[in-house]
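K.L.:
Dumping the structure here so I can ask a few things about it.
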Amino acid sequence: MLQNRTPIGVGEISFVHRLRFELAFVIVFGVFLPVWFGLIWNFQRAWTSFDLSGARLQNLLAEPTWNSFLGAVAAAFGATIVLRRFRNYPGTAVAESVLPLILAFYGAFAGTVIFFRIEYSIKISLLCFIATVLARFAVETLHFRLPGRIYCLVPGGEIKRVRQLERPLLIDLPETPPAIGDMPRGAIIADVHAHLDPAWEKFLAEAAISGRSVYHYKQVVEAETGRVQINHLSENEFGSLVPSLVYQKLKRSVDIVACLILLPVVLPIMLVTAVLVRLDSVGPVFFRQQRMGFRGRPFWMIKFRTMTETNDGADKDSSITHQGDLRITRVGRFLRPTRLDELPQIFNILRGQMSWIGPRPEAVSLSGWYEGEIPFYRYRHIVRPGITGWAQVNQGHVASVSEVDYKLQYDFYYIKHLSYWLDIVIALRTLRVMLSGFGAR
């Protein structure tokens, strides 16, 4: 059977969604035009001051201008590449990442010029920064208004599941295979595991030979929903059930470095929070509970106490937090939506029990219950649990078995597509969650 493979971002796109258009648009309107405007403005000032000497004109194209120009090009190029990768992950609001991402690139440029004492033009850099932000927002507006991915659906099998998607443009092909040359533009989607008519199998083969993209319907559903169905264990893009061991080791190193960098900032916040928790209600400052961890090994997770009654995780019923739970303290109602109660888990990360990003660890009692009710639930322990994760930024807090089953599909998507790109997306979306209080109970 025919099956092309791609983990994310399948589907052919229109011209305005292509990389070449984005790069050309952002660099022309975000860099070249503001630099040209800055040079013209300087030239007019030289003209009005009657100082058109060779030295004055030479200063217009001096080293600081060129350095700022090159820095602006690098920032525009880098932001465009990163934002395109972000767009491949379902539910990612790319427009909300434009300003912080471009700020990060210009911050890196500022750090470089300060460290190496490189001359630069503040005026040119500021003009390019503003213009690049505006150009990126213009690109996102075009993406929103014009159709992006187009899917041509081959009838038969479970293709109806693709029709339930809302975001892409779907085109149903007729009952008999059309000529490849008469096909509308777009990727061809089929249930390649179904018993298709030989004419359709020949059509799919011809489509692939002619250079058209052909995908199995499950790849499209995963790419558009950010979930992996759990009626069977799903291999990753390399055909393995074990996520990349190299990346997991790299991720562990990044976790440690991030902890050491953030500790001086986090410790004063933790001190203030501890005082507030102690003054707010009777009980210990910290809450310790046994959670199921990496490779199925239990560990003691620590966080700030946000409830009047606590348990160690042995009682399944008291481990579940419900909407409007009366056990939550006054300070807890602020700490839980902002996720500040999770800050002590930085020590769990340093001990190697957790990561900054990964499937959220469940109480041991709940984990045992879920393992008995949901097939393959234990597979989520193949990576380190995290303070935040793909399920948390997409779904939030869950309690019932049906909700956990749905959440597990997000966890499996994260495990299958484990990468630094996905971790960056989760980190940025976590900031939005902290500000909005999404999913907290």
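Ligands are numbered from 1 in the order shown, chains are lettered A, B, ... in the order of the structure tokens, and residues start at 1 in each chain.
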Which residues, written as a PyMOL selection string, have at least one atom at most 8 Å from Ile189 (chain A), with only C-alpha atoms counted and residues fewer than 2 positions away on the same chain left out?

P.N.:
chain A and resi 151-154+159+187+191+214-217+220

K.L.:
Residues of the last selection are to be written out with all heavy atoms, as a CSV table (one decimal), in the first residue's frame.

P.N.:
```csv
chain,number,residue,atom,x,y,z
A,151,TYR,N,-7.0,19.7,1.1
A,151,TYR,CA,-7.0,18.3,1.1
A,151,TYR,C,-8.1,17.7,0.1
A,151,TYR,O,-9.2,18.1,0.2
A,151,TYR,CB,-7.3,17.7,2.5
A,151,TYR,CG,-6.3,18.1,3.6
A,151,TYR,CD1,-6.7,18.6,4.8
A,151,TYR,CD2,-5.0,17.9,3.3
A,151,TYR,CE1,-5.8,18.9,5.8
A,151,TYR,CE2,-4.0,18.2,4.3
A,151,TYR,CZ,-4.5,18.7,5.6
A,151,TYR,OH,-3.5,19.1,6.5
A,152,CYS,N,-7.6,16.8,-0.8
A,152,CYS,CA,-8.5,16.2,-1.7
A,152,CYS,C,-8.8,14.7,-1.1
A,152,CYS,O,-7.8,14.0,-1.0
A,152,CYS,CB,-7.9,16.1,-3.1
A,152,CYS,SG,-7.5,17.7,-3.8
A,153,LEU,N,-10.0,14.4,-0.8
A,153,LEU,CA,-10.3,13.2,-0.1
A,153,LEU,C,-10.8,12.1,-1.1
A,153,LEU,O,-11.7,12.3,-1.9
A,153,LEU,CB,-11.4,13.5,0.9
A,153,LEU,CG,-11.2,14.6,1.9
A,153,LEU,CD1,-12.4,14.7,2.9
A,153,LEU,CD2,-9.9,14.5,2.6
A,154,VAL,N,-10.1,11.0,-1.0
A,154,VAL,CA,-10.4,9.8,-1.7
A,154,VAL,C,-11.5,9.0,-1.0
A,154,VAL,O,-11.4,8.7,0.2
A,154,VAL,CB,-9.2,8.8,-1.9
A,154,VAL,CG1,-9.6,7.5,-2.6
A,154,VAL,CG2,-8.2,9.6,-2.8
A,159,ILE,N,-12.2,7.7,5.8
A,159,ILE,CA,-12.0,9.0,5.4
A,159,ILE,C,-12.9,10.0,6.0
A,159,ILE,O,-12.7,11.2,6.1
A,159,ILE,CB,-12.0,9.1,3.8
A,159,ILE,CG1,-11.2,10.4,3.4
A,159,ILE,CG2,-13.4,9.1,3.3
A,159,ILE,CD1,-9.8,10.3,3.6
A,187,ALA,N,-3.1,18.3,-1.4
A,187,ALA,CA,-2.6,17.0,-1.0
A,187,ALA,C,-3.8,16.0,-1.1
A,187,ALA,O,-4.9,16.3,-0.9
A,187,ALA,CB,-2.1,17.0,0.4
A,191,ASP,N,-7.6,6.5,3.0
A,191,ASP,CA,-7.4,5.5,4.0
A,191,ASP,C,-6.7,4.4,3.3
A,191,ASP,O,-7.3,3.5,2.7
A,191,ASP,CB,-8.8,5.0,4.6
A,191,ASP,CG,-8.6,4.0,5.7
A,191,ASP,OD1,-7.5,3.5,5.9
A,191,ASP,OD2,-9.6,3.6,6.3
A,214,VAL,N,0.6,12.4,-1.2
A,214,VAL,CA,-0.4,11.4,-0.8
A,214,VAL,C,-0.2,11.0,0.6
A,214,VAL,O,0.9,10.6,1.0
A,214,VAL,CB,-0.4,10.2,-1.7
A,214,VAL,CG1,-1.4,9.2,-1.3
A,214,VAL,CG2,-0.5,10.6,-3.2
A,215,TYR,N,-1.2,11.1,1.5
A,215,TYR,CA,-1.1,10.8,2.9
A,215,TYR,C,-2.2,9.9,3.4
A,215,TYR,O,-3.3,9.9,2.9
A,215,TYR,CB,-1.1,12.1,3.7
A,215,TYR,CG,0.0,13.1,3.4
A,215,TYR,CD1,-0.3,14.3,2.7
A,215,TYR,CD2,1.3,12.9,3.8
A,215,TYR,CE1,0.7,15.2,2.4
A,215,TYR,CE2,2.3,13.8,3.5
A,215,TYR,CZ,2.0,14.9,2.8
A,215,TYR,OH,3.0,15.8,2.5
A,216,HIS,N,-1.9,9.2,4.4
A,216,HIS,CA,-2.8,8.3,5.1
A,216,HIS,C,-3.7,9.3,6.0
A,216,HIS,O,-3.2,10.2,6.6
A,216,HIS,CB,-2.1,7.3,5.9
A,216,HIS,CG,-3.1,6.3,6.6
A,216,HIS,ND1,-4.2,5.8,6.1
A,216,HIS,CD2,-3.0,5.8,7.9
A,216,HIS,CE1,-4.8,5.0,6.9
A,216,HIS,NE2,-4.1,5.0,8.0
A,217,TYR,N,-5.0,9.0,6.1
A,217,TYR,CA,-5.9,9.9,6.8
A,217,TYR,C,-5.5,10.2,8.3
A,217,TYR,O,-5.7,11.3,8.8
A,217,TYR,CB,-7.3,9.4,6.7
A,217,TYR,CG,-7.6,8.4,7.8
A,217,TYR,CD1,-8.2,8.7,9.0
A,217,TYR,CD2,-7.4,7.0,7.5
A,217,TYR,CE1,-8.5,7.8,9.9
A,217,TYR,CE2,-7.7,6.1,8.5
A,217,TYR,CZ,-8.2,6.4,9.7
A,217,TYR,OH,-8.5,5.5,10.6
A,220,VAL,N,-3.2,13.1,8.8
A,220,VAL,CA,-3.8,14.4,8.7
A,220,VAL,C,-4.6,14.7,10.0
A,220,VAL,O,-4.5,15.8,10.5
A,220,VAL,CB,-4.8,14.4,7.5
A,220,VAL,CG1,-5.6,15.7,7.5
A,220,VAL,CG2,-4.1,14.2,6.2
```

K.L.:
Name the residues in contact with His195 (chain A) at a cut-off of 10 Å, using only C-alpha atoms, excluding same-chain residues fewer than 5 positions from it; report them as a PyMOL selection string.

P.N.:
chain A and resi 156-157+200-201

K.L.:
Go ahead and save the picked residues with N, CA and C atoms, as a PDB file, in the first residue's frame.

P.N.:
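Dumped everything to out_34.pdb:
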```
ATOM      1  N   GLY A 156     -13.933   6.237   0.711  1.00  0.00           N
ATOM      2  CA  GLY A 156     -13.702   4.870   1.171  1.00  0.00           C
ATOM      3  C   GLY A 156     -12.997   4.819   2.512  1.00  0.00           C
ATOM      4  N   GLY A 157     -13.230   3.732   3.250  1.00  0.00           N
ATOM      5  CA  GLY A 157     -12.578   3.521   4.533  1.00  0.00           C
ATOM      6  C   GLY A 157     -13.025   4.521   5.589  1.00  0.00           C
ATOM      7  N   TRP A 200      -8.597   2.983  -7.742  1.00  0.00           N
ATOM      8  CA  TRP A 200      -8.124   4.005  -6.821  1.00  0.00           C
ATOM      9  C   TRP A 200      -6.679   3.743  -6.404  1.00  0.00           C
ATOM     10  N   GLU A 201      -6.313   2.470  -6.229  1.00  0.00           N
ATOM     11  CA  GLU A 201      -4.930   2.153  -5.892  1.00  0.00           C
ATOM     12  C   GLU A 201      -3.990   2.590  -7.016  1.00  0.00           C
TER      13      GLU A 201
END
```

K.L.:
When you draw a straight line from CA of Leu260 (chain A) to CA of Ala79 (chain A), how long is it in Å?

P.N.:
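Atom-to-atom, CA of Leu260 (chain A) and CA of Ala79 (chain A) are spaced 27.2 Å apart.
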
K.L.:
Run DSSP on the backbone and tell me which residues of region 301-393 of chain A come out as alpha helix (DSSP H); list them as a list in words.

P.N.:
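Assigned to alpha helix (DSSP H), within region 301-393 of chain A: Gly332, Arg333, Phe334, Leu335, Arg336, Pro337, Thr338, Ile346, Phe347, Asn348, Ile349, Leu350, Val364, Ser365, Leu366, Ser367, Gly368, Trp369, Tyr370, Glu371, Gly372, Glu373, Trp390, Ala391, Gln392 and Val393 of chain A.
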
K.L.:
Keeping only C-alpha atoms, write those residues as an mmCIF file, in the first residue's frame.

P.N.:
```
data_model
loop_
_atom_site.group_PDB
_atom_site.id
_atom_site.type_symbol
_atom_site.label_atom_id
_atom_site.label_comp_id
_atom_site.auth_asym_id
_atom_site.auth_seq_id
_atom_site.Cartn_x
_atom_site.Cartn_y
_atom_site.Cartn_z
ATOM 1 C CA GLY A 332 -4.577 28.873 46.524
ATOM 2 C CA ARG A 333 -7.202 30.442 44.261
ATOM 3 C CA PHE A 334 -4.480 32.781 43.017
ATOM 4 C CA LEU A 335 -1.595 30.312 42.970
ATOM 5 C CA ARG A 336 -3.367 27.569 41.005
ATOM 6 C CA PRO A 337 -4.449 29.600 37.907
ATOM 7 C CA THR A 338 -1.030 31.304 37.702
ATOM 8 C CA ILE A 346 12.286 23.026 40.270
ATOM 9 C CA PHE A 347 13.942 20.809 42.886
ATOM 10 C CA ASN A 348 12.227 17.729 41.429
ATOM 11 C CA ILE A 349 13.746 18.737 38.081
ATOM 12 C CA LEU A 350 17.233 19.092 39.572
ATOM 13 C CA VAL A 364 0.020 6.997 42.271
ATOM 14 C CA SER A 365 -3.547 6.017 43.169
ATOM 15 C CA LEU A 366 -4.995 7.764 40.114
ATOM 16 C CA SER A 367 -2.308 6.355 37.832
ATOM 17 C CA GLY A 368 -3.132 2.815 38.964
ATOM 18 C CA TRP A 369 -6.834 3.458 38.398
ATOM 19 C CA TYR A 370 -6.259 4.871 34.914
ATOM 20 C CA GLU A 371 -3.960 1.991 33.961
ATOM 21 C CA GLY A 372 -6.779 -0.428 34.767
ATOM 22 C CA GLU A 373 -9.318 1.540 32.724
ATOM 23 C CA TRP A 390 1.061 19.530 25.490
ATOM 24 C CA ALA A 391 -2.105 18.279 27.199
ATOM 25 C CA GLN A 392 -2.054 21.091 29.781
ATOM 26 C CA VAL A 393 -1.874 23.899 27.198
#
```

K.L.:
Using only C-alpha atoms, which residues sit within 12 Å of Ile357 (chain A) once same-chain residues fewer than 5 positions away are excluded, as a PDB file with N, CA and C atoms, in the first residue's frame?

P.N.:
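Produced file selection01.pdb, reproduced below:
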```pdb
ATOM      1  N   GLN A 248      16.357  13.257  24.450  1.00  0.00           N
ATOM      2  CA  GLN A 248      16.014  13.203  25.870  1.00  0.00           C
ATOM      3  C   GLN A 248      17.216  13.575  26.739  1.00  0.00           C
ATOM      4  N   LYS A 251      17.670  17.288  26.346  1.00  0.00           N
ATOM      5  CA  LYS A 251      16.601  17.949  27.094  1.00  0.00           C
ATOM      6  C   LYS A 251      16.924  17.984  28.585  1.00  0.00           C
ATOM      7  N   ARG A 252      17.496  16.892  29.084  1.00  0.00           N
ATOM      8  CA  ARG A 252      17.874  16.838  30.491  1.00  0.00           C
ATOM      9  C   ARG A 252      18.946  17.890  30.800  1.00  0.00           C
ATOM     10  N   VAL A 254      19.403  20.739  29.191  1.00  0.00           N
ATOM     11  CA  VAL A 254      18.741  22.047  29.135  1.00  0.00           C
ATOM     12  C   VAL A 254      17.947  22.290  30.411  1.00  0.00           C
ATOM     13  N   ASP A 255      17.297  21.252  30.942  1.00  0.00           N
ATOM     14  CA  ASP A 255      16.538  21.383  32.187  1.00  0.00           C
ATOM     15  C   ASP A 255      17.437  21.859  33.326  1.00  0.00           C
ATOM     16  N   ALA A 258      18.620  25.491  32.781  1.00  0.00           N
ATOM     17  CA  ALA A 258      17.506  26.418  33.016  1.00  0.00           C
ATOM     18  C   ALA A 258      17.233  26.572  34.509  1.00  0.00           C
ATOM     19  N   GLN A 345       8.722  22.589  42.298  1.00  0.00           N
ATOM     20  CA  GLN A 345       9.086  21.411  41.509  1.00  0.00           C
ATOM     21  C   GLN A 345      10.399  21.606  40.749  1.00  0.00           C
ATOM     22  N   ILE A 346      10.967  22.810  40.840  1.00  0.00           N
ATOM     23  CA  ILE A 346      12.286  23.026  40.270  1.00  0.00           C
ATOM     24  C   ILE A 346      13.299  22.096  40.921  1.00  0.00           C
ATOM     25  N   ILE A 349      13.036  18.737  39.369  1.00  0.00           N
ATOM     26  CA  ILE A 349      13.746  18.737  38.081  1.00  0.00           C
ATOM     27  C   ILE A 349      15.238  18.529  38.316  1.00  0.00           C
ATOM     28  N   VAL A 383       8.614   8.962  29.040  1.00  0.00           N
ATOM     29  CA  VAL A 383       9.379  10.210  29.120  1.00  0.00           C
ATOM     30  C   VAL A 383       9.183  10.807  30.514  1.00  0.00           C
ATOM     31  N   ARG A 384      10.083  11.708  30.907  1.00  0.00           N
ATOM     32  CA  ARG A 384       9.966  12.343  32.213  1.00  0.00           C
ATOM     33  C   ARG A 384       8.705  13.201  32.280  1.00  0.00           C
ATOM     34  N   PRO A 385       7.975  13.150  33.396  1.00  0.00           N
ATOM     35  CA  PRO A 385       6.816  14.045  33.552  1.00  0.00           C
ATOM     36  C   PRO A 385       7.277  15.485  33.667  1.00  0.00           C
ATOM     37  N   GLY A 386       6.368  16.408  33.396  1.00  0.00           N
ATOM     38  CA  GLY A 386       6.757  17.815  33.367  1.00  0.00           C
ATOM     39  C   GLY A 386       5.862  18.705  34.205  1.00  0.00           C
ATOM     40  N   ILE A 387       6.344  19.925  34.456  1.00  0.00           N
ATOM     41  CA  ILE A 387       5.533  20.934  35.123  1.00  0.00           C
ATOM     42  C   ILE A 387       4.408  21.390  34.193  1.00  0.00           C
ATOM     43  N   THR A 388       4.721  21.512  32.905  1.00  0.00           N
ATOM     44  CA  THR A 388       3.709  21.830  31.902  1.00  0.00           C
ATOM     45  C   THR A 388       3.867  20.863  30.737  1.00  0.00           C
ATOM     46  N   GLY A 389       2.852  20.779  29.886  1.00  0.00           N
ATOM     47  CA  GLY A 389       2.909  19.825  28.784  1.00  0.00           C
ATOM     48  C   GLY A 389       1.897  20.138  27.704  1.00  0.00           C
ATOM     49  N   TRP A 390       1.946  19.343  26.639  1.00  0.00           N
ATOM     50  CA  TRP A 390       1.061  19.530  25.490  1.00  0.00           C
ATOM     51  C   TRP A 390      -0.406  19.401  25.888  1.00  0.00           C
ATOM     52  N   ALA A 391      -0.721  18.454  26.757  1.00  0.00           N
ATOM     53  CA  ALA A 391      -2.105  18.279  27.199  1.00  0.00           C
ATOM     54  C   ALA A 391      -2.555  19.469  28.045  1.00  0.00           C
ATOM     55  N   GLN A 392      -1.666  19.998  28.896  1.00  0.00           N
ATOM     56  CA  GLN A 392      -2.054  21.091  29.781  1.00  0.00           C
ATOM     57  C   GLN A 392      -2.379  22.364  29.004  1.00  0.00           C
ATOM     58  N   VAL A 393      -1.624  22.668  27.946  1.00  0.00           N
ATOM     59  CA  VAL A 393      -1.874  23.899  27.198  1.00  0.00           C
ATOM     60  C   VAL A 393      -3.023  23.742  26.209  1.00  0.00           C
ATOM     61  N   ASP A 411      -0.961  13.478  25.172  1.00  0.00           N
ATOM     62  CA  ASP A 411       0.323  12.974  25.679  1.00  0.00           C
ATOM     63  C   ASP A 411       1.017  12.105  24.641  1.00  0.00           C
ATOM     64  N   TYR A 414       2.603  14.184  21.996  1.00  0.00           N
ATOM     65  CA  TYR A 414       3.866  14.762  22.455  1.00  0.00           C
ATOM     66  C   TYR A 414       4.991  13.732  22.402  1.00  0.00           C
ATOM     67  N   ILE A 415       4.712  12.508  22.866  1.00  0.00           N
ATOM     68  CA  ILE A 415       5.731  11.465  22.867  1.00  0.00           C
ATOM     69  C   ILE A 415       6.142  11.109  21.443  1.00  0.00           C
ATOM     70  N   LEU A 418       8.166  14.180  19.898  1.00  0.00           N
ATOM     71  CA  LEU A 418       9.085  14.813  20.841  1.00  0.00           C
ATOM     72  C   LEU A 418      10.208  15.537  20.097  1.00  0.00           C
ATOM     73  N   SER A 419      10.324  16.858  20.325  1.00  0.00           N
ATOM     74  CA  SER A 419      11.338  17.667  19.637  1.00  0.00           C
ATOM     75  C   SER A 419      11.471  18.994  20.351  1.00  0.00           C
ATOM     76  N   TYR A 420      12.578  19.696  20.091  1.00  0.00           N
ATOM     77  CA  TYR A 420      12.758  21.004  20.723  1.00  0.00           C
ATOM     78  C   TYR A 420      11.769  22.025  20.171  1.00  0.00           C
ATOM     79  N   LEU A 422       8.579  21.445  19.421  1.00  0.00           N
ATOM     80  CA  LEU A 422       7.332  21.274  20.166  1.00  0.00           C
ATOM     81  C   LEU A 422       7.494  21.793  21.592  1.00  0.00           C
ATOM     82  N   ASP A 423       8.655  21.605  22.186  1.00  0.00           N
ATOM     83  CA  ASP A 423       8.883  22.128  23.533  1.00  0.00           C
ATOM     84  C   ASP A 423       8.846  23.654  23.555  1.00  0.00           C
ATOM     85  N   ILE A 424       9.373  24.297  22.514  1.00  0.00           N
ATOM     86  CA  ILE A 424       9.322  25.761  22.441  1.00  0.00           C
ATOM     87  C   ILE A 424       7.881  26.237  22.334  1.00  0.00           C
ATOM     88  N   VAL A 425       7.082  25.561  21.506  1.00  0.00           N
ATOM     89  CA  VAL A 425       5.675  25.926  21.362  1.00  0.00           C
ATOM     90  C   VAL A 425       4.957  25.801  22.703  1.00  0.00           C
ATOM     91  N   ILE A 426       5.207  24.709  23.416  1.00  0.00           N
ATOM     92  CA  ILE A 426       4.559  24.489  24.710  1.00  0.00           C
ATOM     93  C   ILE A 426       4.983  25.566  25.703  1.00  0.00           C
ATOM     94  N   ALA A 427       6.268  25.935  25.702  1.00  0.00           N
ATOM     95  CA  ALA A 427       6.756  26.959  26.621  1.00  0.00           C
ATOM     96  C   ALA A 427       6.056  28.297  26.372  1.00  0.00           C
ATOM     97  N   LEU A 428       5.916  28.689  25.105  1.00  0.00           N
ATOM     98  CA  LEU A 428       5.260  29.955  24.787  1.00  0.00           C
ATOM     99  C   LEU A 428       3.776  29.907  25.146  1.00  0.00           C
ATOM    100  N   ARG A 429       3.126  28.777  24.875  1.00  0.00           N
ATOM    101  CA  ARG A 429       1.705  28.673  25.197  1.00  0.00           C
ATOM    102  C   ARG A 429       1.479  28.586  26.703  1.00  0.00           C
ATOM    103  N   THR A 430       2.473  28.095  27.437  1.00  0.00           N
ATOM    104  CA  THR A 430       2.361  28.058  28.894  1.00  0.00           C
ATOM    105  C   THR A 430       2.308  29.472  29.468  1.00  0.00           C
TER     106      THR A 430
END
```

K.L.:
Extract, using only C-alpha atoms, all DNA, RNA and protein residues at most 6 Å from region 26-43 of chain A, discarding same-chain residues fewer than 6 positions from it, and format them as a VMD selection string.

P.N.:
chain A and resid 127 to 128 131 to 132 135

K.L.:
To one decimal in Å, tell me the separation between CA of Phe137 (chain A) and CA of Arg227 (chain A).

P.N.:
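That distance, rounded to one decimal, is 28.2 Å.
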
K.L.:
Using DSSP on the backbone, list every residue of region 106-297 of chain A that comes out as strand (DSSP E), and give them as a ChimeraX atom specification.

P.N.:
/A:150-153,169-172,187-190,214-216,286-292

K.L.:
Excluding Ile180 (chain A) and any residue of its chain fewer than 2 positions from it, enumerate the residues within 9 Å of it, using only C-alpha atoms, and give them as a list in words.

P.N.:
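Skipping anything fewer than 2 positions along the chain leaves Pro177, Pro178, Asp182, Met183, Pro184, Phe203, Glu206, Ala207, Ser210 and Arg212 of chain A.
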
K.L.:
For Lys303 (chain A), please output as a ChimeraX atom specification all residues within 7 Å (counting only C-alpha atoms; exclusion window: fewer than 6 positions along the same chain).

P.N.:
/A:286-288,341-345

K.L.:
Only N, CA, C and O atoms, please: the residues just picked out, written as a tab-separated table (two decimals), in the first residue's frame.

P.N.:
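Result file is again_20.tsv:
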```tsv
chain	number	residue	atom	x	y	z
A	286	PHE	N	4.45	23.51	52.32
A	286	PHE	CA	4.59	22.68	51.13
A	286	PHE	C	3.66	21.48	51.18
A	286	PHE	O	3.29	20.99	52.25
A	287	PHE	N	3.29	21.03	50.01
A	287	PHE	CA	2.45	19.85	49.84
A	287	PHE	C	3.26	18.80	49.10
A	287	PHE	O	3.79	19.06	48.02
A	288	ARG	N	3.39	17.63	49.70
A	288	ARG	CA	4.13	16.52	49.09
A	288	ARG	C	3.17	15.40	48.77
A	288	ARG	O	2.33	15.04	49.60
A	341	ASP	N	2.06	27.74	42.27
A	341	ASP	CA	2.18	26.66	43.26
A	341	ASP	C	3.12	25.56	42.79
A	341	ASP	O	3.57	24.73	43.59
A	342	GLU	N	3.45	25.55	41.48
A	342	GLU	CA	4.32	24.51	40.93
A	342	GLU	C	5.81	24.85	41.05
A	342	GLU	O	6.67	24.01	40.76
A	343	LEU	N	6.14	26.06	41.49
A	343	LEU	CA	7.54	26.49	41.48
A	343	LEU	C	8.47	25.57	42.27
A	343	LEU	O	9.61	25.33	41.83
A	344	PRO	N	8.09	25.03	43.43
A	344	PRO	CA	9.02	24.15	44.15
A	344	PRO	C	9.44	22.91	43.36
A	344	PRO	O	10.43	22.26	43.71
A	345	GLN	N	8.72	22.59	42.30
A	345	GLN	CA	9.09	21.41	41.51
A	345	GLN	C	10.40	21.61	40.75
A	345	GLN	O	10.90	20.68	40.12
```

K.L.:
Counting only C-alpha atoms, which residue out of A:Tyr247, A:Trp300, A:Phe77, A:Phe69 sits closest to Leu126 (chain A)?

P.N.:
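The closest residue to Leu126 (chain A) is A:Phe69.
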
K.L.:
Could you check which of A:Leu408, A:Ala138, A:Ala223, A:Leu170 is closest to Asn88 (chain A), using only C-alpha atoms?

P.N.:
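For Asn88 (chain A), the nearest of the given residues is A:Ala223.
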